[in-house]
Each structure stands twice: as structure tokens, then as C-alpha cells.
Amino acid sequence: MKQVSAIVIGAGARGQVYAKYAAEHPDRLRILAVAEPKQDRRELFCRAYGIPPELAFTSWEELLARPQMADAALICTLDDMHTAPALAALRQGYHILLEKPMSNKEAECRAIARAAEESGRILSVCHVLRYTPFYRTIKRLIDEGQIGQVASLCQIENVGYWHQAHSFVRGNWRSSKVSPMILQKSCHDIDILLWLAGQRCTQVASFGSLRHFDAAHAPAGAPERCTDGCPHSEACPYYAPKIYLTDNVGWPTDMLTTDLSYEGRLKALREGPYGRCVYRCDNDVVDRQVVILAFDKGAVANFTMTAFTTDMARQLKICGTKGQITADMNTNAILLHRFGEAETRQIALEVPPQTNNYGHGGGDYFLMRDFVQAVWQAKSDTLSSAQASLQSHLICFAAELSRKEKKIVEL
């Protein structure tokens, strides 16, 4: 396998995760250039991947103004900043790895999918759950007919109380102007339900709202910032120093600042968004939501996203005409019970050691492995191509419309 070259647009958390593949497999992937507006983050990235100053840019426009210099572009900007660089990179001839969601606007998602198809380039969307050994094993069981025809699917995403506070109250994805929760966080789940069902979704209904993280629920005397002498510091589970001033300087703490010393983190809490009281933020995304789906071959599905959990895990149950699958992604436990059989079978899956340094149950690793291989082999399609991913995006837009307008949406 020859070495594939890439440029990176957006050197934030996700850009760093995907670029890590180049550090671990330099014979397969090399990062040549980066575009990142934040100087400290850009400089760290350049040091990590040996990028010279002349190939470090403050904007994607500067980088893509240059003639094509690599095989692929990894686009890892925020949700509302995907479309323009993706379209520009396709025009230049780059293969694209595009962070999900494709865009926070339906018309732009369609435009990206259309441009990818017309370009003949690979555009792979980071629906990493499709690449996990966990979900691939479940998909194999379904495709083998182990439970007959799929009748119903039920998945719950336990976001975790502190994760909700970090990412969706204080953090980058707190505003529906960037992306609604169902699209930003849970397009993974909608996509995986669509993939497992193997049917076309025809109807969508959804319910949910922002219930808890607002000023109306602020305890008496709570200041604007946790570091401003909050009287509830002992009792409040969202008290920022409890989360960020510990011995852990990995995720999510490394989102605060590039200066991960105690003093650097404390300064970030006093001045940055992650030190704010969770009841005094400018967030508006939902903190729990339910989505109901109907498919063209008779299957139905329901999905629940909730912030109010202690764990961060996905659990699901798939019922078929000949049996059922129950599974927990946190423990990689998959149980198959075929009707009429006395015993429930525990299904084993392999999780290679390389996945230990990656998130999403190894999905991040296998996404990168398969994308690099697809670019090398010049494949015309991938497991999470733009066309495949467009369908689940359209369901998410329909779910948000249903939630807001309190109606069933026909697809």
C-alpha cells in the first residue's frame, strides 16, 4: 500500500483524532498542510506532524488557493463551516473526509452529495458508528437472517450529565444555529438505525425540548461563573473545577486551552466558556429528545437521546420475526436469542489493540483505515459515502421539523 497524502482543515479535537492515524501509520498517511485560525492549536499541530511554516494557514481559503498538493482533505471545521471548503476541495480534485454532519442546512447537504457524485472523488462522512466492530457485528447478524425480518429497533443514547454540560451547554454545540442536537450529536444514531434497518424511512415524528439547563433552574445565589464564589460548589455536579481541575488533562479538559497546567486551566475557567454556570449560558439545544421512524417494508424504530444519565453509552434492542438482539456498546455485549431456542447466545467481536487510542468503540480508527485504503485503491464508494449519509441527514431535518411544528413529517 502506497502512502496517501492529506491536508487538514480544522485542527480541533476531531481533526487531531483523525490525524493521529498519520502519526501511528506514517507509511500509509502523511499530513502535508493545515488550516487552523487559532495560532496555539495550529502551532501544536505543525510540531506534531512536521508541517513547515509555509504550509500552515490561518484559513481554508488560503490553503485551497494553492494548487492541489495532496490526495485528500480532512475537513474538521464546525458544522456550519463544512460546505464551502468541501465544495472547493472537490473542485480542486481532493478526496474528502468530512466531519459529520455534512452541513446544518438541508440544501447544503444535498449540494455536497451532488458535487461529490459529479466530481468522481471519494467523499466519506464521519459516521463512525458504521465502522465499529460492535455495529458491524450486529449488521452481519441481521444480514445473515439470524432474527428473520427486522420488525422494530430501539436505541438509546445516554449522553451523560457532564458531557451534556461540557459540549451542549457550555461548549461549541450549545446553539441550534450551529446545529440542532438531533443533527449534531444524534445523526450517528439515526444513521445507524437506518443502516441496520436496511429499509427506506417514510415517516418521522419527534418530541423534545430544553428542560433543565436554563436560568429558571439556577439555584439561588448562583453566579455567572463557577469560579466567582459559587455557594453550591459542593453540591452541584456541574461545578466546573470538579470537572476540569483534576489529574485528567485529556478529553474533555484539553478542550479548554493548550496550556494544560493547573494555572492555565484555572485561567480558562475564569475567562472562557467552560467556566460558566450551566444555568447562565446562552444554550438552546434540547436536553432530551425522542424520534419515531416508520420504514417502507414495515419496520418501525424509536430513538431516545437524554442528557440525564450517569453513563455515556448506547444500548439497543432489535426485534425480528425469528429472534431478537440486545446490545450494549459500552461493554461490547451482544446477545442473540432466536425464538424456540432455549439459550441466549453471546456474540463475540474482535476489537484490535489499535482502537484503544481512539473513540467511538474503535470507529474513529476503522473510519480512517478504510478511508485511506479507499483513496489508495481509488474506490468509487465507501461505507459512509455522501449519498448514503444524505438519507440519515434528511431524517434528522425531518425530526427537527416534527419537534418544532408538532406534526408527522412524510419523507
# chains A, B, ... in the order shown; residues from 1 in each chain; ligands from 1
$ residues_around --residues "Ser5 of chain A" --least-positions-apart "2" --cutoff "8 Å" --atoms "only C-alpha atoms" --output "list in words"
Gln3, Ile7, Leu29, Arg30, Ile31, Leu32, Ala70, Asp71 and Ala72 of chain A
$ write_last_selection --atoms "C-alpha atoms" --output "tab-separated table (two decimals), in the first residue's frame"
chain	number	residue	atom	x	y	z
A	3	GLN	CA	1.47	6.39	1.24
A	7	ILE	CA	-4.25	18.30	4.15
A	29	LEU	CA	-0.76	8.56	5.60
A	30	ARG	CA	1.23	11.80	5.67
A	31	ILE	CA	-0.15	15.22	6.65
A	32	LEU	CA	1.32	17.92	4.40
A	70	ALA	CA	-2.27	16.16	-1.67
A	71	ASP	CA	-4.54	13.23	-2.38
A	72	ALA	CA	-7.13	14.02	0.29
$ select_by_dssp --residues "segment 169-284 of chain A" --states "strand (DSSP E)" --output "list in words"
Cys201, Thr202, Gln203, Val204, Ala205, Ser206, Phe207, Gly208 and Ser209 of chain A
$ residues_around --residues "Glu341 of chain A" --least-positions-apart "2" --cutoff "12 Å" --atoms "only C-alpha atoms" --output "PDB file with C-alpha atoms, in the first residue's frame"
ATOM      1  CA  ILE A 147     -33.516 -12.751  13.565  1.00  0.00           C
ATOM      2  CA  LYS A 322     -37.371 -15.044  14.210  1.00  0.00           C
ATOM      3  CA  GLY A 323     -35.490 -13.594  17.173  1.00  0.00           C
ATOM      4  CA  GLN A 324     -34.029 -10.579  18.922  1.00  0.00           C
ATOM      5  CA  LEU A 336     -28.737 -13.143  20.250  1.00  0.00           C
ATOM      6  CA  HIS A 337     -31.895 -15.025  21.199  1.00  0.00           C
ATOM      7  CA  ARG A 338     -33.621 -16.976  18.433  1.00  0.00           C
ATOM      8  CA  PHE A 339     -37.224 -17.897  19.085  1.00  0.00           C
ATOM      9  CA  GLU A 343     -30.294 -20.458  25.264  1.00  0.00           C
ATOM     10  CA  THR A 344     -29.290 -16.890  24.524  1.00  0.00           C
ATOM     11  CA  ARG A 345     -26.028 -16.721  22.612  1.00  0.00           C
TER      12      ARG A 345
END
$ atom_distance --atom1 "atom CA of Trp251 of chain A" --atom2 "atom CA of Ala348 of chain A"
29.0 Å
$ closest_atom_pairs --of "segment 49-79 of chain A" --to "segment 149-172 of chain A" --cutoff "12 Å" --atoms "only C-alpha atoms" --output "Markdown table"
| residue | atom | partner | partner_atom | distance |
| --- | --- | --- | --- | --- |
| A:Thr77 | CA | A:Asn172 | CA | 11.1 |
| A:Leu78 | CA | A:Asn172 | CA | 8.2 |
| A:Asp79 | CA | A:Asn172 | CA | 9.8 |
$ residues_around --residues "segment 37-48 of chain A" --least-positions-apart "2" --cutoff "7 Å" --atoms "only C-alpha atoms" --output "number ranges by chain"
A: 11, 35, 50-52, 58-59, 258
$ write_last_selection --atoms "C-alpha atoms" --output "PDB file, in the first residue's frame"
ATOM      1  CA  ALA A  11      -7.062  21.218  13.803  1.00  0.00           C
ATOM      2  CA  ALA A  35      -5.505  25.413   8.014  1.00  0.00           C
ATOM      3  CA  GLY A  50       6.358  18.214  10.905  1.00  0.00           C
ATOM      4  CA  ILE A  51       4.472  20.784   8.856  1.00  0.00           C
ATOM      5  CA  PRO A  52       6.695  23.698   7.745  1.00  0.00           C
ATOM      6  CA  THR A  58      -4.963  30.670   9.140  1.00  0.00           C
ATOM      7  CA  SER A  59      -7.923  29.902   6.864  1.00  0.00           C
ATOM      8  CA  THR A 258      -3.495  24.403  25.050  1.00  0.00           C
TER       9      THR A 258
END
$ residues_around --residues "segment 125-139 of chain A" --least-positions-apart "4" --cutoff "7 Å" --atoms "only C-alpha atoms" --output "MDAnalysis selection string"
chainID A and resid 97:100 102 143 188 192 196 329 332 349:351 360:364 366:367 384:386 389
$ closest_residue --among "A:His212, A:Cys277, A:Asp381, A:Gln315" --to "His232 of chain A" --atoms "only C-alpha atoms"
A:Cys277
$ select_by_dssp --residues "segment 34-161 of chain A" --states "alpha helix (DSSP H)" --output "ChimeraX atom specification"
/A:39-49,60-64,83-92,106-119,133-143,161
$ write_last_selection --atoms "N, CA and C atoms" --output "short mmCIF file (atom, residue, chain, number, x, y, z; two decimals), in the first residue's frame"
data_model
loop_
_atom_site.label_atom_id
_atom_site.label_comp_id
_atom_site.auth_asym_id
_atom_site.auth_seq_id
_atom_site.Cartn_x
_atom_site.Cartn_y
_atom_site.Cartn_z
N GLN A 39 -3.90 30.24 16.64
CA GLN A 39 -2.45 30.12 16.50
C GLN A 39 -1.86 29.01 17.36
N ASP A 40 -2.24 28.93 18.64
CA ASP A 40 -1.64 27.94 19.52
C ASP A 40 -1.95 26.53 19.05
N ARG A 41 -3.18 26.32 18.63
CA ARG A 41 -3.59 24.99 18.14
C ARG A 41 -2.88 24.67 16.83
N ARG A 42 -2.74 25.66 15.96
CA ARG A 42 -2.06 25.45 14.68
C ARG A 42 -0.59 25.10 14.88
N GLU A 43 0.06 25.80 15.80
CA GLU A 43 1.48 25.54 16.05
C GLU A 43 1.71 24.16 16.66
N LEU A 44 0.85 23.74 17.57
CA LEU A 44 0.95 22.40 18.14
C LEU A 44 0.80 21.33 17.06
N PHE A 45 -0.15 21.54 16.18
CA PHE A 45 -0.41 20.58 15.11
C PHE A 45 0.79 20.50 14.17
N CYS A 46 1.36 21.64 13.85
CA CYS A 46 2.53 21.66 12.95
C CYS A 46 3.71 20.93 13.57
N ARG A 47 3.93 21.13 14.86
CA ARG A 47 5.03 20.41 15.53
C ARG A 47 4.79 18.91 15.53
N ALA A 48 3.53 18.52 15.75
CA ALA A 48 3.21 17.09 15.83
C ALA A 48 3.43 16.38 14.50
N TYR A 49 3.19 17.08 13.38
CA TYR A 49 3.22 16.41 12.08
C TYR A 49 4.31 16.95 11.14
N TRP A 60 -9.01 28.21 5.55
CA TRP A 60 -9.09 27.22 4.48
C TRP A 60 -8.99 27.89 3.11
N GLU A 61 -9.44 29.16 3.02
CA GLU A 61 -9.36 29.87 1.74
C GLU A 61 -7.91 30.02 1.29
N GLU A 62 -7.03 30.34 2.24
CA GLU A 62 -5.61 30.46 1.90
C GLU A 62 -5.04 29.14 1.42
N LEU A 63 -5.38 28.07 2.12
CA LEU A 63 -4.85 26.76 1.77
C LEU A 63 -5.35 26.30 0.41
N LEU A 64 -6.66 26.44 0.18
CA LEU A 64 -7.22 25.94 -1.07
C LEU A 64 -7.01 26.91 -2.24
N THR A 83 -19.51 23.35 4.28
CA THR A 83 -19.91 23.32 2.87
C THR A 83 -18.91 23.99 1.94
N ALA A 84 -18.53 25.21 2.24
CA ALA A 84 -17.65 25.95 1.32
C ALA A 84 -16.31 25.25 1.10
N PRO A 85 -15.59 24.84 2.17
CA PRO A 85 -14.32 24.14 1.91
C PRO A 85 -14.51 22.78 1.24
N ALA A 86 -15.61 22.09 1.56
CA ALA A 86 -15.85 20.79 0.92
C ALA A 86 -16.04 20.95 -0.58
N LEU A 87 -16.85 21.90 -0.98
CA LEU A 87 -17.10 22.13 -2.41
C LEU A 87 -15.83 22.60 -3.11
N ALA A 88 -15.08 23.49 -2.45
CA ALA A 88 -13.84 23.99 -3.06
C ALA A 88 -12.82 22.87 -3.22
N ALA A 89 -12.70 22.02 -2.22
CA ALA A 89 -11.73 20.92 -2.29
C ALA A 89 -12.12 19.90 -3.35
N LEU A 90 -13.41 19.64 -3.49
CA LEU A 90 -13.86 18.73 -4.55
C LEU A 90 -13.51 19.29 -5.92
N ARG A 91 -13.71 20.60 -6.10
CA ARG A 91 -13.39 21.22 -7.40
C ARG A 91 -11.91 21.10 -7.72
N GLN A 92 -11.08 21.12 -6.69
CA GLN A 92 -9.64 21.01 -6.93
C GLN A 92 -9.19 19.57 -7.17
N GLU A 106 -30.23 21.66 5.00
CA GLU A 106 -30.61 20.57 4.09
C GLU A 106 -30.12 20.83 2.67
N ALA A 107 -30.31 22.05 2.18
CA ALA A 107 -29.92 22.35 0.80
C ALA A 107 -28.42 22.17 0.61
N GLU A 108 -27.63 22.51 1.63
CA GLU A 108 -26.18 22.36 1.52
C GLU A 108 -25.77 20.89 1.56
N CYS A 109 -26.46 20.08 2.34
CA CYS A 109 -26.19 18.63 2.35
C CYS A 109 -26.42 18.05 0.96
N ARG A 110 -27.52 18.45 0.35
CA ARG A 110 -27.82 17.96 -1.00
C ARG A 110 -26.77 18.44 -2.00
N ALA A 111 -26.32 19.68 -1.83
CA ALA A 111 -25.32 20.24 -2.75
C ALA A 111 -23.99 19.49 -2.62
N ILE A 112 -23.60 19.14 -1.39
CA ILE A 112 -22.36 18.40 -1.18
C ILE A 112 -22.44 17.01 -1.80
N ALA A 113 -23.57 16.33 -1.57
CA ALA A 113 -23.74 14.98 -2.13
C ALA A 113 -23.72 15.02 -3.65
N ARG A 114 -24.38 16.03 -4.23
CA ARG A 114 -24.41 16.17 -5.68
C ARG A 114 -23.03 16.45 -6.24
N ALA A 115 -22.29 17.36 -5.58
CA ALA A 115 -20.95 17.71 -6.04
C ALA A 115 -20.00 16.52 -5.95
N ALA A 116 -20.14 15.74 -4.88
CA ALA A 116 -19.29 14.55 -4.73
C ALA A 116 -19.54 13.55 -5.85
N GLU A 117 -20.82 13.35 -6.18
CA GLU A 117 -21.16 12.41 -7.24
C GLU A 117 -20.64 12.89 -8.59
N GLU A 118 -20.78 14.17 -8.85
CA GLU A 118 -20.34 14.72 -10.14
C GLU A 118 -18.82 14.75 -10.27
N SER A 119 -18.12 14.90 -9.14
CA SER A 119 -16.66 15.01 -9.19
C SER A 119 -15.96 13.69 -9.44
N PRO A 133 -16.48 -2.39 15.22
CA PRO A 133 -16.71 -3.84 15.26
C PRO A 133 -18.07 -4.18 15.89
N PHE A 134 -18.50 -3.37 16.85
CA PHE A 134 -19.78 -3.59 17.54
C PHE A 134 -20.95 -3.56 16.56
N TYR A 135 -21.11 -2.47 15.85
CA TYR A 135 -22.26 -2.36 14.95
C TYR A 135 -22.10 -3.19 13.69
N ARG A 136 -20.86 -3.40 13.25
CA ARG A 136 -20.66 -4.27 12.09
C ARG A 136 -21.07 -5.71 12.41
N THR A 137 -20.82 -6.13 13.63
CA THR A 137 -21.23 -7.47 14.04
C THR A 137 -22.75 -7.58 14.05
N ILE A 138 -23.42 -6.57 14.58
CA ILE A 138 -24.89 -6.58 14.61
C ILE A 138 -25.45 -6.57 13.19
N LYS A 139 -24.87 -5.75 12.31
CA LYS A 139 -25.31 -5.71 10.93
C LYS A 139 -25.15 -7.07 10.26
N ARG A 140 -24.05 -7.75 10.54
CA ARG A 140 -23.82 -9.08 9.96
C ARG A 140 -24.89 -10.07 10.42
N LEU A 141 -25.23 -10.04 11.70
CA LEU A 141 -26.27 -10.94 12.21
C LEU A 141 -27.61 -10.70 11.52
N ILE A 142 -27.94 -9.42 11.30
CA ILE A 142 -29.18 -9.09 10.62
C ILE A 142 -29.15 -9.57 9.18
N ASP A 143 -28.06 -9.28 8.48
CA ASP A 143 -27.95 -9.65 7.06
C ASP A 143 -27.92 -11.16 6.86
N TYR A 161 -24.63 13.35 32.02
CA TYR A 161 -24.95 14.68 32.52
C TYR A 161 -23.80 15.67 32.33
#
$ closest_residue --among "A:Ala378, A:Met368, A:Leu183, A:Ile9" --to "Tyr21 of chain A" --atoms "only C-alpha atoms"
A:Met368
$ closest_residue --among "A:Ala218, A:Pro231, A:Leu401, A:Ala197" --to "Gly148 of chain A" --atoms "only C-alpha atoms"
A:Ala197
$ residues_around --residues "segment 13-15 of chain A" --least-positions-apart "5" --cutoff "8 Å" --atoms "only C-alpha atoms" --output "PyMOL selection string"
chain A and resi 8+74-76+99+255
$ atom_distance --atom1 "atom CA of Ile325 of chain A" --atom2 "atom CA of Met181 of chain A"
27.3 Å
$ residues_around --residues "Pro241 of chain A" --least-positions-apart "2" --cutoff "9 Å" --atoms "only C-alpha atoms" --output "PyMOL selection string"
chain A and resi 226-227+233+238-239+243-246+266+269+275
$ write_last_selection --atoms "C-alpha atoms" --output "JSON list (two decimals), in the first residue's frame"
[["chain", "number", "residue", "atom", "x", "y", "z"],
["A", 226, "CYS", "CA", -18.34, 28.73, 38.92],
["A", 227, "THR", "CA", -15.11, 30.45, 39.96],
["A", 233, "SER", "CA", -19.86, 24.28, 44.71],
["A", 238, "TYR", "CA", -21.74, 20.69, 37.14],
["A", 239, "TYR", "CA", -19.29, 22.77, 39.20],
["A", 243, "ILE", "CA", -14.65, 18.50, 36.07],
["A", 244, "TYR", "CA", -11.61, 20.36, 34.73],
["A", 245, "LEU", "CA", -9.16, 20.86, 37.61],
["A", 246, "THR", "CA", -8.41, 17.20, 38.20],
["A", 266, "LEU", "CA", -7.93, 27.89, 36.03],
["A", 269, "LEU", "CA", -12.34, 28.68, 33.58],
["A", 275, "GLY", "CA", -16.20, 28.11, 33.47]]
$ closest_residue --among "A:Arg288, A:Asp259, A:Leu293, A:Asp27" --to "Thr309 of chain A" --atoms "only C-alpha atoms"
A:Arg288
$ decode --residues "segment 209-251 of chain A" --atoms "N, CA and C atoms" --output "mmCIF file, in the first residue's frame"
data_model
loop_
_atom_site.group_PDB
_atom_site.id
_atom_site.type_symbol
_atom_site.label_atom_id
_atom_site.label_comp_id
_atom_site.auth_asym_id
_atom_site.auth_seq_id
_atom_site.Cartn_x
_atom_site.Cartn_y
_atom_site.Cartn_z
ATOM 1 N N SER A 209 -37.328 18.988 24.118
ATOM 2 C CA SER A 209 -37.149 20.411 24.393
ATOM 3 C C SER A 209 -35.968 20.596 25.331
ATOM 4 N N LEU A 210 -35.629 21.844 25.588
ATOM 5 C CA LEU A 210 -34.669 22.186 26.625
ATOM 6 C C LEU A 210 -35.435 22.271 27.940
ATOM 7 N N ARG A 211 -35.172 21.352 28.836
ATOM 8 C CA ARG A 211 -35.964 21.254 30.053
ATOM 9 C C ARG A 211 -35.277 21.840 31.278
ATOM 10 N N HIS A 212 -33.958 21.656 31.388
ATOM 11 C CA HIS A 212 -33.297 21.891 32.661
ATOM 12 C C HIS A 212 -32.241 22.994 32.652
ATOM 13 N N PHE A 213 -31.432 23.072 31.615
ATOM 14 C CA PHE A 213 -30.256 23.951 31.643
ATOM 15 C C PHE A 213 -30.628 25.365 31.204
ATOM 16 N N ASP A 214 -31.327 26.072 32.066
ATOM 17 C CA ASP A 214 -31.703 27.454 31.787
ATOM 18 C C ASP A 214 -31.774 28.233 33.097
ATOM 19 N N ALA A 215 -31.956 29.538 32.983
ATOM 20 C CA ALA A 215 -31.929 30.414 34.163
ATOM 21 C C ALA A 215 -33.022 30.077 35.163
ATOM 22 N N ALA A 216 -34.136 29.547 34.691
ATOM 23 C CA ALA A 216 -35.241 29.229 35.591
ATOM 24 C C ALA A 216 -34.878 28.147 36.603
ATOM 25 N N HIS A 217 -33.876 27.345 36.283
ATOM 26 C CA HIS A 217 -33.468 26.254 37.175
ATOM 27 C C HIS A 217 -32.198 26.574 37.953
ATOM 28 N N ALA A 218 -31.702 27.788 37.849
ATOM 29 C CA ALA A 218 -30.495 28.176 38.592
ATOM 30 C C ALA A 218 -30.798 28.222 40.088
ATOM 31 N N PRO A 219 -29.965 27.600 40.913
ATOM 32 C CA PRO A 219 -30.178 27.690 42.364
ATOM 33 C C PRO A 219 -29.928 29.115 42.858
ATOM 34 N N ALA A 220 -30.555 29.459 43.959
ATOM 35 C CA ALA A 220 -30.459 30.821 44.491
ATOM 36 C C ALA A 220 -29.003 31.214 44.733
ATOM 37 N N GLY A 221 -28.632 32.383 44.278
ATOM 38 C CA GLY A 221 -27.292 32.905 44.518
ATOM 39 C C GLY A 221 -26.223 32.389 43.587
ATOM 40 N N ALA A 222 -26.588 31.589 42.582
ATOM 41 C CA ALA A 222 -25.591 31.056 41.646
ATOM 42 C C ALA A 222 -25.022 32.188 40.799
ATOM 43 N N PRO A 223 -23.692 32.379 40.784
ATOM 44 C CA PRO A 223 -23.091 33.464 39.998
ATOM 45 C C PRO A 223 -22.985 33.089 38.521
ATOM 46 N N GLU A 224 -22.492 34.014 37.712
ATOM 47 C CA GLU A 224 -22.329 33.765 36.280
ATOM 48 C C GLU A 224 -21.278 32.684 36.025
ATOM 49 N N ARG A 225 -20.247 32.639 36.877
ATOM 50 C CA ARG A 225 -19.163 31.676 36.705
ATOM 51 C C ARG A 225 -18.966 30.864 37.974
ATOM 52 N N CYS A 226 -18.579 29.614 37.775
ATOM 53 C CA CYS A 226 -18.339 28.732 38.915
ATOM 54 C C CYS A 226 -17.213 29.267 39.806
ATOM 55 N N THR A 227 -16.268 29.961 39.216
ATOM 56 C CA THR A 227 -15.106 30.449 39.965
ATOM 57 C C THR A 227 -15.383 31.753 40.702
ATOM 58 N N ASP A 228 -16.610 32.258 40.599
ATOM 59 C CA ASP A 228 -16.954 33.514 41.268
ATOM 60 C C ASP A 228 -17.563 33.277 42.651
ATOM 61 N N GLY A 229 -17.046 32.271 43.371
ATOM 62 C CA GLY A 229 -17.503 32.009 44.723
ATOM 63 C C GLY A 229 -18.902 31.432 44.793
ATOM 64 N N CYS A 230 -19.161 30.406 44.005
ATOM 65 C CA CYS A 230 -20.493 29.799 43.982
ATOM 66 C C CYS A 230 -20.794 29.122 45.322
ATOM 67 N N PRO A 231 -21.938 29.423 45.953
ATOM 68 C CA PRO A 231 -22.283 28.789 47.233
ATOM 69 C C PRO A 231 -22.716 27.329 47.085
ATOM 70 N N HIS A 232 -22.869 26.870 45.857
ATOM 71 C CA HIS A 232 -23.340 25.499 45.620
ATOM 72 C C HIS A 232 -22.225 24.589 45.098
ATOM 73 N N SER A 233 -20.990 25.000 45.293
ATOM 74 C CA SER A 233 -19.861 24.276 44.710
ATOM 75 C C SER A 233 -19.784 22.823 45.161
ATOM 76 N N GLU A 234 -20.126 22.548 46.404
ATOM 77 C CA GLU A 234 -20.040 21.179 46.918
ATOM 78 C C GLU A 234 -21.135 20.291 46.354
ATOM 79 N N ALA A 235 -22.336 20.827 46.254
ATOM 80 C CA ALA A 235 -23.480 20.003 45.870
ATOM 81 C C ALA A 235 -23.679 19.912 44.363
ATOM 82 N N CYS A 236 -23.255 20.924 43.632
ATOM 83 C CA CYS A 236 -23.562 20.970 42.196
ATOM 84 C C CYS A 236 -22.682 19.999 41.404
ATOM 85 N N PRO A 237 -23.290 19.070 40.652
ATOM 86 C CA PRO A 237 -22.489 18.127 39.857
ATOM 87 C C PRO A 237 -21.836 18.781 38.647
ATOM 88 N N TYR A 238 -22.260 20.003 38.316
ATOM 89 C CA TYR A 238 -21.739 20.686 37.136
ATOM 90 C C TYR A 238 -20.684 21.725 37.489
ATOM 91 N N TYR A 239 -20.289 21.800 38.753
ATOM 92 C CA TYR A 239 -19.293 22.771 39.202
ATOM 93 C C TYR A 239 -18.001 22.549 38.410
ATOM 94 N N ALA A 240 -17.606 23.540 37.615
ATOM 95 C CA ALA A 240 -16.540 23.378 36.622
ATOM 96 C C ALA A 240 -15.208 22.885 37.191
ATOM 97 N N PRO A 241 -14.717 23.415 38.336
ATOM 98 C CA PRO A 241 -13.440 22.902 38.857
ATOM 99 C C PRO A 241 -13.458 21.403 39.154
ATOM 100 N N LYS A 242 -14.619 20.853 39.508
ATOM 101 C CA LYS A 242 -14.709 19.406 39.742
ATOM 102 C C LYS A 242 -14.428 18.619 38.467
ATOM 103 N N ILE A 243 -14.778 19.203 37.347
ATOM 104 C CA ILE A 243 -14.651 18.501 36.070
ATOM 105 C C ILE A 243 -13.285 18.732 35.430
ATOM 106 N N TYR A 244 -12.776 19.978 35.521
ATOM 107 C CA TYR A 244 -11.612 20.355 34.728
ATOM 108 C C TYR A 244 -10.314 20.537 35.508
ATOM 109 N N LEU A 245 -10.391 20.663 36.827
ATOM 110 C CA LEU A 245 -9.162 20.861 37.606
ATOM 111 C C LEU A 245 -8.793 19.594 38.363
ATOM 112 N N THR A 246 -8.769 18.498 37.634
ATOM 113 C CA THR A 246 -8.407 17.196 38.201
ATOM 114 C C THR A 246 -7.081 16.758 37.592
ATOM 115 N N ASP A 247 -6.688 15.532 37.859
ATOM 116 C CA ASP A 247 -5.455 14.996 37.275
ATOM 117 C C ASP A 247 -5.616 14.670 35.792
ATOM 118 N N ASN A 248 -6.857 14.616 35.312
ATOM 119 C CA ASN A 248 -7.097 14.298 33.908
ATOM 120 C C ASN A 248 -6.889 15.547 33.052
ATOM 121 N N VAL A 249 -5.939 15.472 32.140
ATOM 122 C CA VAL A 249 -5.726 16.585 31.215
ATOM 123 C C VAL A 249 -6.022 16.154 29.777
ATOM 124 N N GLY A 250 -6.653 14.984 29.626
ATOM 125 C CA GLY A 250 -7.131 14.556 28.316
ATOM 126 C C GLY A 250 -8.521 15.121 28.085
ATOM 127 N N TRP A 251 -9.253 14.500 27.154
ATOM 128 C CA TRP A 251 -10.610 14.963 26.883
ATOM 129 C C TRP A 251 -11.482 14.736 28.106
#
